[in-house]
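Structure data follow from structure20.txt (compact mmCIF, C-alpha atoms):
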# COMPACT_ATOMS: atom_id res chain seq x y z
CA MET A 149 73.49 19.89 27.38
CA LYS A 150 71.50 18.38 24.50
CA LYS A 151 70.01 15.78 26.84
CA ILE A 152 68.79 18.44 29.30
CA LEU A 153 67.25 20.47 26.50
CA TYR A 154 65.55 17.33 25.17
CA LEU A 155 64.20 16.54 28.67
CA ILE A 156 62.83 20.07 29.09
CA ILE A 157 61.07 19.88 25.72
CA VAL A 158 59.54 16.48 26.60
CA ILE A 159 58.26 17.82 29.95
CA LEU A 160 56.86 20.94 28.30
CA VAL A 161 55.07 18.87 25.65
CA LEU A 162 53.64 16.59 28.36
CA VAL A 163 52.37 19.52 30.45
CA LEU A 164 50.91 21.18 27.38
CA GLY A 165 49.24 17.90 26.37
CA ILE A 166 47.63 17.48 29.80
CA TYR A 167 46.49 21.10 29.74
CA VAL A 168 44.96 20.85 26.27
CA ALA A 169 43.32 17.51 27.16
CA ASN A 170 41.67 19.09 30.20
CA ILE A 171 40.48 22.10 28.19
CA CYS A 172 39.00 19.73 25.63
CA GLY A 173 37.10 17.87 28.30
CA PHE A 174 39.32 14.88 29.13
CA SER A 175 39.75 14.81 32.88
CA LEU A 176 43.33 13.74 33.45
CA PHE A 177 44.63 13.97 36.99
CA GLY A 178 41.07 14.82 38.09
CA THR A 179 41.93 16.06 41.59
CA LEU A 180 44.72 18.35 40.43
CA PHE A 181 42.92 19.66 37.36
CA PRO A 182 39.21 19.16 38.11
CA ASN A 183 37.28 19.30 34.87
CA GLU A 184 34.12 20.97 36.11
CA GLY A 185 31.83 22.75 33.72
CA PRO A 186 30.45 26.26 34.23
CA LYS A 187 28.66 26.82 37.53
CA ILE A 188 25.87 29.34 38.02
CA GLU A 189 25.99 32.08 40.60
CA LYS A 190 23.11 32.82 42.96
CA THR A 191 20.63 35.29 41.46
CA ALA A 192 17.13 36.33 42.48
CA ASN A 193 14.00 34.56 41.25
CA VAL A 194 11.62 37.43 40.61
CA VAL A 195 7.87 36.80 40.59
CA THR A 196 6.49 39.13 37.93
CA GLU A 197 2.90 37.93 37.68
CA VAL A 198 0.45 36.09 39.92
CA LYS A 199 -2.83 34.74 38.56
CA ALA A 200 -5.75 32.82 40.04
CA ILE A 201 -6.68 30.04 37.63
CA SER A 202 -8.95 26.99 37.55
CA LYS A 203 -7.39 24.57 35.10
CA PHE A 204 -8.45 20.97 35.51
CA THR A 205 -5.83 18.80 33.80
CA THR A 206 -7.33 15.40 33.10
CA ALA A 207 -4.91 13.83 30.60
CA CYS A 208 -1.16 13.95 30.05
CA PHE A 209 0.86 12.77 27.10
CA TYR A 210 4.54 12.01 27.63
CA GLU A 211 6.97 11.50 24.80
CA GLU A 212 10.68 10.99 24.36
CA LEU A 213 11.46 12.64 21.09
CA PRO A 214 14.83 12.43 19.33
CA LEU A 215 15.46 15.47 17.14
CA SER A 216 18.37 16.09 14.85
CA THR A 217 19.65 18.69 12.48
CA SER A 218 22.76 19.12 10.41
CA LYS A 219 24.48 21.85 8.46
CA THR A 220 27.55 22.29 6.37
CA SER A 221 30.53 22.43 8.61
CA THR A 222 31.63 26.05 8.83
CA ALA A 223 35.22 24.85 9.01
CA VAL A 224 34.90 23.10 5.65
CA ASP A 225 32.95 25.65 3.61
CA ASN A 226 35.93 27.39 2.09
CA SER A 227 38.48 24.70 2.74
CA VAL A 228 40.44 22.53 0.30
CA VAL A 229 38.09 19.61 1.03
CA GLY A 230 35.09 21.77 0.10
CA THR A 231 36.69 22.98 -3.11
CA VAL A 232 37.80 19.48 -4.18
CA ALA A 233 34.35 18.10 -3.38
CA GLY A 234 32.89 20.80 -5.61
CA TRP A 235 35.04 19.60 -8.55
CA PHE A 236 33.42 16.16 -8.26
CA GLY A 237 29.91 17.62 -8.23
CA LYS A 238 29.43 17.09 -4.50
CA ARG A 239 28.32 19.76 -2.11
CA PRO A 240 30.60 20.18 0.90
CA LYS A 241 27.67 19.06 3.10
CA ASP A 242 27.96 15.56 1.64
CA VAL A 243 31.59 15.43 2.60
CA MET A 244 31.54 16.87 6.09
CA SER A 245 28.71 18.29 8.17
CA ASP A 246 28.02 19.51 11.70
CA ASN A 247 25.45 17.37 13.46
CA LEU A 248 23.27 18.04 16.46
CA CYS A 249 21.03 15.39 17.95
CA VAL A 250 19.03 16.02 21.12
CA ILE A 251 16.62 13.79 22.99
CA VAL A 252 13.68 15.73 24.37
CA SER A 253 11.36 14.31 27.04
CA GLY A 254 8.26 16.45 26.81
CA LYS A 255 4.79 16.54 28.29
CA VAL A 256 1.46 17.76 26.86
CA ARG A 257 -1.43 18.59 29.20
CA ALA A 258 -5.11 18.71 28.33
CA GLY A 259 -8.32 19.22 30.25
CA TYR A 260 -11.05 21.69 31.15
CA ASP A 261 -10.69 25.36 31.92
CA LEU A 262 -13.15 25.47 34.81
CA SER A 263 -12.96 29.26 35.05
CA GLN A 264 -15.44 29.19 32.14
CA LEU A 265 -18.00 27.48 34.39
CA THR A 266 -20.56 30.07 35.49
CA GLU A 267 -23.84 29.85 37.40
CA ASP A 268 -25.61 29.14 34.10
CA HIS A 269 -23.57 25.96 33.63
CA LEU A 270 -24.86 24.35 36.84
CA ARG A 271 -28.46 23.30 37.46
CA GLN A 272 -29.78 21.11 40.23
CA SER A 273 -32.99 19.52 41.33
CA ASN A 274 -33.06 17.42 44.54
CA ASP A 275 -30.33 14.76 44.14
CA THR A 276 -29.67 15.47 40.47
CA ILE A 277 -27.18 17.93 39.04
CA TRP A 278 -26.69 19.00 35.42
CA VAL A 279 -23.28 20.38 34.52
CA THR A 280 -22.55 21.94 31.14
CA LEU A 281 -18.82 21.52 30.67
CA PRO A 282 -16.61 23.75 28.54
CA PRO A 283 -14.82 22.04 25.64
CA VAL A 284 -11.62 20.15 26.45
CA GLU A 285 -8.47 21.87 25.31
CA ILE A 286 -4.74 21.34 25.12
CA PHE A 287 -3.18 23.60 27.75
CA ASP A 288 0.50 23.43 26.84
CA ALA A 289 3.49 21.36 25.80
CA VAL A 290 6.22 21.43 28.42
CA VAL A 291 9.89 21.05 27.55
CA ASN A 292 12.24 22.26 30.27
CA PRO A 293 16.06 22.41 30.06
CA SER A 294 16.20 19.35 32.33
CA ASP A 295 14.16 17.50 29.70
CA VAL A 296 16.77 18.10 26.99
CA ASP A 297 19.70 15.74 26.58
CA VAL A 298 22.34 16.59 23.98
CA PHE A 299 23.24 13.23 22.45
CA VAL A 300 25.49 14.23 19.53
CA GLU A 301 27.14 17.60 19.07
CA ASP A 302 29.56 17.94 16.19
CA GLY A 303 30.74 21.40 15.27
CA THR A 304 29.53 24.74 16.52
CA TRP A 305 25.85 25.29 17.34
CA SER A 306 24.57 28.68 18.41
CA HIS A 307 22.00 29.26 21.15
CA GLN A 308 19.51 30.33 18.49
CA GLU A 309 19.93 27.11 16.51
CA MET A 310 19.54 25.05 19.68
CA THR A 311 16.42 27.04 20.66
CA GLN A 312 14.87 26.50 17.22
CA LEU A 313 15.42 22.75 17.48
CA THR A 314 14.03 22.53 21.02
CA ALA A 315 11.08 24.81 20.26
CA SER A 316 10.19 22.63 17.26
CA ALA A 317 9.73 19.78 19.74
CA THR A 318 6.66 21.46 21.27
CA ASP A 319 4.84 21.53 17.91
CA GLN A 320 5.77 17.90 17.32
CA LEU A 321 4.63 16.93 20.82
CA ILE A 322 1.23 18.60 20.37
CA ALA A 323 0.77 16.92 16.96
CA ASP A 324 1.69 13.51 18.38
CA ALA A 325 -0.53 14.01 21.45
CA THR A 326 -3.48 14.95 19.25
CA ALA A 327 -2.87 11.91 17.04
CA ALA A 328 -2.68 9.71 20.15
CA GLY A 329 -6.14 10.94 21.19
CA ILE A 330 -5.31 13.19 24.14
CA LEU A 331 -8.54 15.20 23.75
CA ASP A 332 -10.77 12.10 23.87
CA ARG A 333 -8.85 10.78 26.87
CA ALA A 334 -9.11 14.18 28.60
CA ARG A 335 -12.87 14.23 28.00
CA THR A 336 -13.60 10.70 29.31
CA SER A 337 -11.17 11.01 32.21
CA GLY A 338 -12.54 14.44 33.15
CA GLU A 339 -16.16 13.29 33.01
CA ASP A 340 -15.42 10.25 35.19
CA GLN A 341 -13.60 12.35 37.77
CA LEU A 342 -16.17 15.16 37.89
CA ARG A 343 -18.99 12.64 38.20
CA ALA A 344 -17.23 11.00 41.16
CA LEU A 345 -16.50 14.41 42.70
CA PHE A 346 -20.10 15.62 42.52
CA GLN A 347 -21.36 12.27 43.80
CA SER A 348 -19.13 12.70 46.85
CA PHE A 349 -20.90 16.04 47.46
CA GLY A 350 -24.21 14.13 47.87
CA PHE A 351 -25.67 14.10 44.35
CA THR A 352 -26.84 10.65 43.28
CA THR A 353 -27.32 11.53 39.63
CA VAL A 354 -24.76 13.63 37.81
CA ILE A 355 -25.55 14.57 34.22
CA LEU A 356 -22.67 16.05 32.26
CA GLU A 357 -23.62 17.89 29.10
CA MET B 290 53.73 -19.14 8.87
CA LEU B 291 54.53 -15.68 7.53
CA ASN B 292 51.78 -16.05 4.93
CA SER B 293 49.24 -16.97 7.59
CA LEU B 294 50.18 -13.91 9.62
CA LYS B 295 49.78 -11.74 6.51
CA HIS B 296 46.32 -13.20 5.87
CA ILE B 297 45.25 -12.62 9.49
CA ALA B 298 46.51 -9.02 9.33
CA LEU B 299 44.63 -8.46 6.06
CA ALA B 300 41.45 -9.97 7.49
CA CYS B 301 41.74 -7.70 10.56
CA CYS B 302 42.16 -4.62 8.33
CA PHE B 303 39.12 -5.64 6.25
CA ALA B 304 37.04 -6.25 9.39
CA LEU B 305 38.02 -2.83 10.72
CA LEU B 306 37.04 -1.19 7.44
CA VAL B 307 33.67 -2.95 7.38
CA ALA B 308 33.01 -2.06 11.04
CA GLY B 309 33.92 1.54 10.30
CA CYS B 310 31.33 1.71 7.54
CA ASP B 311 28.56 0.30 9.75
CA GLN B 312 27.45 3.62 11.19
CA VAL B 313 23.85 4.34 12.16
CA SER B 314 22.85 7.69 10.70
CA LEU B 315 21.22 10.44 12.79
CA ALA B 316 18.13 10.17 10.60
CA ASP B 317 17.76 6.51 11.65
CA THR B 318 18.25 7.39 15.30
CA THR B 319 15.50 10.02 15.23
CA ARG B 320 12.83 7.69 13.86
CA GLU B 321 12.13 5.97 17.16
CA LYS B 322 9.84 7.63 19.67
CA ILE B 323 8.59 6.49 23.04
CA SER B 324 5.28 7.84 24.23
CA SER B 325 2.49 7.25 26.71
CA LEU B 326 -0.93 8.74 27.37
CA CYS B 327 -2.40 8.71 30.85
CA SER B 328 -5.27 10.11 32.89
CA VAL B 329 -4.63 12.59 35.67
CA GLY B 330 -6.77 14.83 37.85
CA GLN B 331 -4.95 18.03 38.72
CA LEU B 332 -6.74 21.24 39.56
CA SER B 333 -4.35 24.17 39.13
CA THR B 334 -5.47 27.21 41.11
CA ALA B 335 -2.45 29.54 41.06
CA GLU B 336 -0.07 30.50 38.29
CA TYR B 337 3.18 32.36 38.92
CA THR B 338 5.45 33.86 36.29
CA VAL B 339 9.05 33.89 37.48
CA GLU B 340 11.87 35.73 35.73
CA LYS B 341 15.50 35.00 36.37
CA VAL B 342 18.93 36.02 35.20
CA ILE B 343 21.19 32.98 34.96
CA LYS B 344 24.86 33.88 35.07
CA ALA B 345 27.65 31.37 35.05
CA SER B 346 31.41 31.54 34.94
CA ASP B 347 34.02 28.92 34.25
CA CYS B 348 37.44 29.60 35.63
CA ALA B 349 40.02 27.63 37.60
CA TRP B 350 43.58 28.23 38.76
CA TRP B 351 45.02 26.01 36.06
CA LYS B 352 42.95 27.45 33.20
CA VAL B 353 44.29 30.39 31.23
CA GLY B 354 41.51 32.97 31.01
CA ASP B 355 37.89 32.59 31.93
CA ARG B 356 34.51 32.19 30.30
CA LYS B 357 31.28 33.89 31.29
CA ILE B 358 27.73 33.44 30.05
CA LEU B 359 24.50 35.22 30.92
CA PHE B 360 20.90 34.23 30.11
CA SER B 361 17.55 35.74 30.97
CA CYS B 362 14.64 33.35 31.23
CA ARG B 363 11.02 33.09 32.22
CA ALA B 364 9.26 30.17 33.90
CA TYR B 365 5.55 29.52 34.41
CA LEU B 366 4.64 27.65 37.59
CA GLU B 367 1.27 26.21 38.47
CA GLY B 368 0.26 25.14 41.94
CA GLY B 369 -2.89 23.36 42.96
CA ILE B 370 -4.62 20.23 44.16
CA ASP B 371 -3.95 16.73 42.87
CA LEU B 372 -7.52 15.40 42.93
CA ALA B 373 -6.26 11.87 42.32
CA LYS B 374 -5.28 11.96 46.01
CA TYR B 375 -8.74 13.20 47.08
CA ASP B 376 -10.51 10.73 49.37
CA PRO B 377 -14.34 11.00 48.98
CA ALA B 378 -14.79 8.95 52.18
CA LYS B 379 -13.52 11.93 54.19
CA THR B 380 -16.22 14.26 52.84
CA VAL B 381 -19.16 14.70 55.21
CA VAL B 382 -22.45 16.09 53.89
CA ASP B 383 -25.27 17.15 56.22
CA GLU B 384 -28.31 17.46 53.95
CA GLY B 385 -30.58 18.78 56.70
CA ASN B 386 -28.40 21.72 57.72
CA LYS B 387 -26.99 22.17 54.22
CA ALA B 388 -23.46 21.74 55.56
CA ILE B 389 -20.40 20.16 53.95
CA THR B 390 -16.94 19.31 55.26
CA ILE B 391 -14.37 18.40 52.64
CA VAL B 392 -10.77 17.27 53.13
CA LEU B 393 -8.50 18.09 50.20
CA PRO B 394 -4.89 17.02 49.66
CA LYS B 395 -2.22 19.65 50.37
CA PRO B 396 -1.42 21.89 47.38
CA GLU B 397 1.65 21.03 45.37
CA LEU B 398 3.52 22.22 42.30
CA LEU B 399 1.61 20.74 39.37
CA SER B 400 3.44 22.25 36.43
CA PHE B 401 6.79 23.88 35.73
CA ASN B 402 7.29 25.30 32.27
CA MET B 403 10.45 27.09 31.14
CA PRO B 404 9.88 27.47 27.38
CA ALA B 405 12.96 27.41 25.15
CA ASP B 406 11.76 30.40 23.13
CA GLU B 407 11.65 32.55 26.27
CA ILE B 408 15.28 31.90 27.16
CA GLN B 409 17.53 34.61 25.79
CA LEU B 410 21.28 34.55 25.59
CA LYS B 411 22.28 38.04 26.69
CA TYR B 412 26.05 37.94 26.92
CA THR B 413 29.05 35.66 26.51
CA LYS B 414 32.71 36.37 27.10
CA VAL B 415 35.29 33.79 26.15
CA ASN B 416 39.01 34.30 26.59
CA GLY B 417 41.11 33.66 23.49
CA PHE B 418 42.73 30.63 25.10
CA ARG B 419 39.40 28.98 25.83
CA MET B 420 36.80 27.19 23.71
CA ASN B 421 33.33 28.63 23.12
CA PHE B 422 30.41 27.37 25.20
CA SER B 423 29.03 24.25 23.55
CA ALA B 424 25.30 23.44 23.30
CA THR B 425 25.84 20.79 25.99
CA GLU B 426 27.41 23.32 28.36
CA ARG B 427 24.70 25.91 27.71
CA THR B 428 22.01 23.28 28.39
CA ASP B 429 23.79 22.36 31.61
CA VAL B 430 23.84 26.01 32.73
CA LEU B 431 20.11 26.35 31.99
CA ARG B 432 19.45 23.11 33.85
CA GLN B 433 21.17 24.59 36.91
CA GLY B 434 19.01 27.72 36.56
CA GLU B 435 15.88 25.59 36.42
CA ALA B 436 16.97 23.66 39.52
CA ASP B 437 17.54 26.96 41.34
CA ILE B 438 13.98 28.14 40.61
CA ARG B 439 12.58 24.76 41.66
CA ALA B 440 14.54 24.91 44.91
CA ASP B 441 13.02 28.33 45.63
CA ILE B 442 9.39 27.17 45.26
CA PRO B 443 8.71 26.84 49.02
CA ASN B 444 9.83 30.48 49.46
CA ILE B 445 7.94 32.26 46.69
CA GLY B 446 4.48 31.57 48.12
CA ILE B 447 2.81 29.74 45.23
CA LEU B 448 1.64 26.87 47.42
CA ASP B 449 -0.01 29.23 49.94
CA ASP B 450 -1.72 31.06 47.09
CA ALA B 451 -2.82 27.77 45.55
CA GLU B 452 -4.46 26.79 48.85
CA THR B 453 -6.20 30.17 49.24
CA ASN B 454 -7.47 30.06 45.64
CA ALA B 455 -8.65 26.44 45.99
CA THR B 456 -10.60 27.41 49.12
CA THR B 457 -12.15 30.35 47.27
CA TYR B 458 -13.02 28.17 44.28
CA PHE B 459 -14.66 25.35 46.26
CA THR B 460 -16.46 27.79 48.57
CA ALA B 461 -18.02 29.53 45.56
CA LEU B 462 -18.94 26.16 44.03
CA PHE B 463 -20.58 24.87 47.22
CA LYS B 464 -22.51 28.12 47.68
CA GLN B 465 -23.76 27.74 44.14
CA LEU B 466 -24.85 24.19 44.99
CA GLY B 467 -26.87 25.50 47.91
CA PHE B 468 -24.61 24.69 50.87
CA LYS B 469 -24.72 27.22 53.69
CA GLU B 470 -22.05 25.88 56.03
CA ILE B 471 -18.79 25.09 54.27
CA ASN B 472 -15.70 23.70 55.91
CA ILE B 473 -12.60 23.00 53.79
CA LYS B 474 -9.55 21.31 55.27
CA TYR B 475 -6.20 20.25 53.83
CA GLU B 476 -4.09 17.30 54.89

Rewrite the structure from the file as structure tokens, please.
Amino acid sequence: MKKILYLIIVILVLVLGIYVANICGFSLFGTLFPNEGPKIEKTANVVTEVKAISKFTTACFYEELPLSTSKTSTAVDNSVVGTVAGWFGKRPKDVMSDNLCVIVSGKVRAGYDLSQLTEDHLRQSNDTIWVTLPPVEIFDAVVNPSDVDVFVEDGTWSHQEMTQLTASATDQLIADATAAGILDRARTSGEDQLRALFQSFGFTTVILE
Amino acid sequence: MLNSLKHIALACCFALLVAGCDQVSLADTTREKISSLCSVGQLSTAEYTVEKVIKASDCAWWKVGDRKILFSCRAYLEGGIDLAKYDPAKTVVDEGNKAITIVLPKPELLSFNMPADEIQLKYTKVNGFRMNFSATERTDVLRQGEADIRADIPNIGILDDAETNATTYFTALFKQLGFKEINIKYE
């Protein structure tokens, strides 16, 4: 009788172990208990605004940016470890912290907004054309969900905390792109391309101002 | 013999301790960046704003209870002409008749931007027997939402609009340059 009871307990513990392992992300017996993450359901993609634009992107800056943040582990704050650490003059953060490290692959685009070009910006005489270009500008910094790779995730991180970290990447990307000289590159690249474009329209001399 | 074994065991323990201490901190990891700057020539002529509700659920026959998550997001799409693919040799200019025929590359999606600060978590429901959605799982759900919008691009009409707007833009430009007969083709 004791042996049977022992066997039942062992089987129960095994089943429970497999179940917990699967819930925690370890795919044991993959075909029987497939460990698939959440799957989205089909929903509509609604177009809410349509605009005619004339943005001429002439330079792109790509960067792979590791970002990290940490905070005091919420599980430790009021725990024995936290209290004991306090006795020795250490903040709980020094003892145990939640860490989040993401690798962001972002893109910054710069160029000319050609919608600012009006009749006054174009002058021509025989084979010569004068074009007054608008100033080059940084259009945007692009970081999509597919550009974000969570490298380390310890503890609990809310959507808001994750958004703050990812959104901070765009500021960093723009600062790095500016430091790398994206505006100068956009200007020289844009001038070269516009000169070639107007020359293909039959103008032998293209003067960009 | 026994002493030697003891020494080996002690050395192994010490090595394990030392290896355990040799951990690269997150701050060290985040110092390295890889970047590149390059020239492009993309003329965006149409911008679409797309809004989407991303809903996902995670349940299986062997899991006790389910999990559901719902986001709302906005994406900005730009379509236009990649002028790097433009072949000037295919442009024919007739000075006498003031006519021009230009062959432009087919419009394509030039930019897809789904900003993090325009993604809102609207609702989550997690059964007591299940763990909360992790940042990795939430990112994966958003990635699937992004892929769904990208897959729908041929159906939402941005490429047709980009072509129409490019034709309008170049027609106006050529008229301004004095051309009277304008022929714009795409291939």

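The smallest atom-to-atom distance between chain B and any of A:Gln347, A:Asn292, A:Gln308, A:Thr220, using all atoms listed in the file, is found for A:Asn292.
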
Exercise. In Å, with one decimal, what is the gap from CA of Glu184 (chain A) to CA of Asp347 (chain B)?
Worked result: 8.2 Å

Problem set entry | CA of Ala207 (chain A) to CA of Glu435 (chain B), distance in Å rounded to a single decimal | 24.6 Å

Exercise. Which residues, protein or nucleic acid, reach to within 8 Å of (-21.7, 26.9, 54.5) in the file's coordinates when using all atoms listed in the file, and can you give that as a ChimeraX atom specification?
Worked result: /B:387-389,460,463-464,468-472

Give one line per residue of chain B that approaches chain A to at most 6 Å, naming the two atoms of the closest pair and their distance in Å to one decimal, counting only C-alpha atoms; sort by chain then ascending residue number and deliver it as CSV.
residue,atom,partner,partner_atom,distance
B:Thr319,CA,A:Pro214,CA,4.8
B:Lys322,CA,A:Leu213,CA,5.5
B:Ile323,CA,A:Glu212,CA,5.1
B:Ser324,CA,A:Glu211,CA,4.1
B:Ser325,CA,A:Tyr210,CA,5.3
B:Leu326,CA,A:Phe209,CA,4.4
B:Cys327,CA,A:Cys208,CA,5.4
B:Ser328,CA,A:Ala207,CA,4.4
B:Val329,CA,A:Thr206,CA,4.7
B:Gly330,CA,A:Thr206,CA,4.8
B:Gln331,CA,A:Thr205,CA,5.1
B:Leu332,CA,A:Phe204,CA,4.4
B:Ser333,CA,A:Lys203,CA,5.1
B:Thr334,CA,A:Ile201,CA,4.6
B:Ala335,CA,A:Ala200,CA,4.8
B:Glu336,CA,A:Lys199,CA,5.1
B:Tyr337,CA,A:Val198,CA,4.7
B:Thr338,CA,A:Glu197,CA,5.0
B:Val339,CA,A:Val195,CA,4.4
B:Glu340,CA,A:Val194,CA,5.2
B:Lys341,CA,A:Asn193,CA,5.1
B:Lys344,CA,A:Ile188,CA,5.5
B:Ala345,CA,A:Ile188,CA,4.0
B:Ser346,CA,A:Pro186,CA,5.4
B:Asp347,CA,A:Pro186,CA,4.5
B:Pro377,CA,A:Ser348,CA,5.5
B:Asn402,CA,A:Val290,CA,5.6
B:Met403,CA,A:Asn292,CA,5.2
B:Ala405,CA,A:Thr311,CA,5.7
B:Thr425,CA,A:Val298,CA,5.8
B:Leu431,CA,A:Pro293,CA,6.0
B:Arg432,CA,A:Pro293,CA,5.1

Exercise. When you draw a straight line from CA of Asp383 (chain B) to CA of Ile473 (chain B), how long is it in Å?
Worked result: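 Atom-to-atom, CA of Asp383 (chain B) to CA of Ile473 (chain B), that is 14.2 Å.
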
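Comparing the minimum interatomic distances between Pro443 (chain B) and each of B:Thr380, B:Ser361, B:Leu398, B:Asn386, counting all atoms listed in the file, we find that B:Leu398 sits nearest.
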
Seminar exercise, completed: Restricting to all atoms listed in the file, whichever of B:Val430, B:Ile343, B:Val392, B:Ile408 is closest to Ala364 (chain B) is B:Ile408

For this session: Within 8 Å of (-1.6, 19.3, 52.7) (coordinates as in the file), grab all the protein and nucleic acid residues, counting only C-alpha atoms, and write them out as number ranges by chain.
Result: B: 393-396, 475-476

Centre, edges in Å (one decimal): axis-aligned box, region 271-277 of chain A, 6 Å padding on all six sides, as JSON:
{"center_x": -30.1, "center_y": 19.0, "center_z": 41.0, "size_x": 17.9, "size_y": 20.5, "size_z": 19.1}
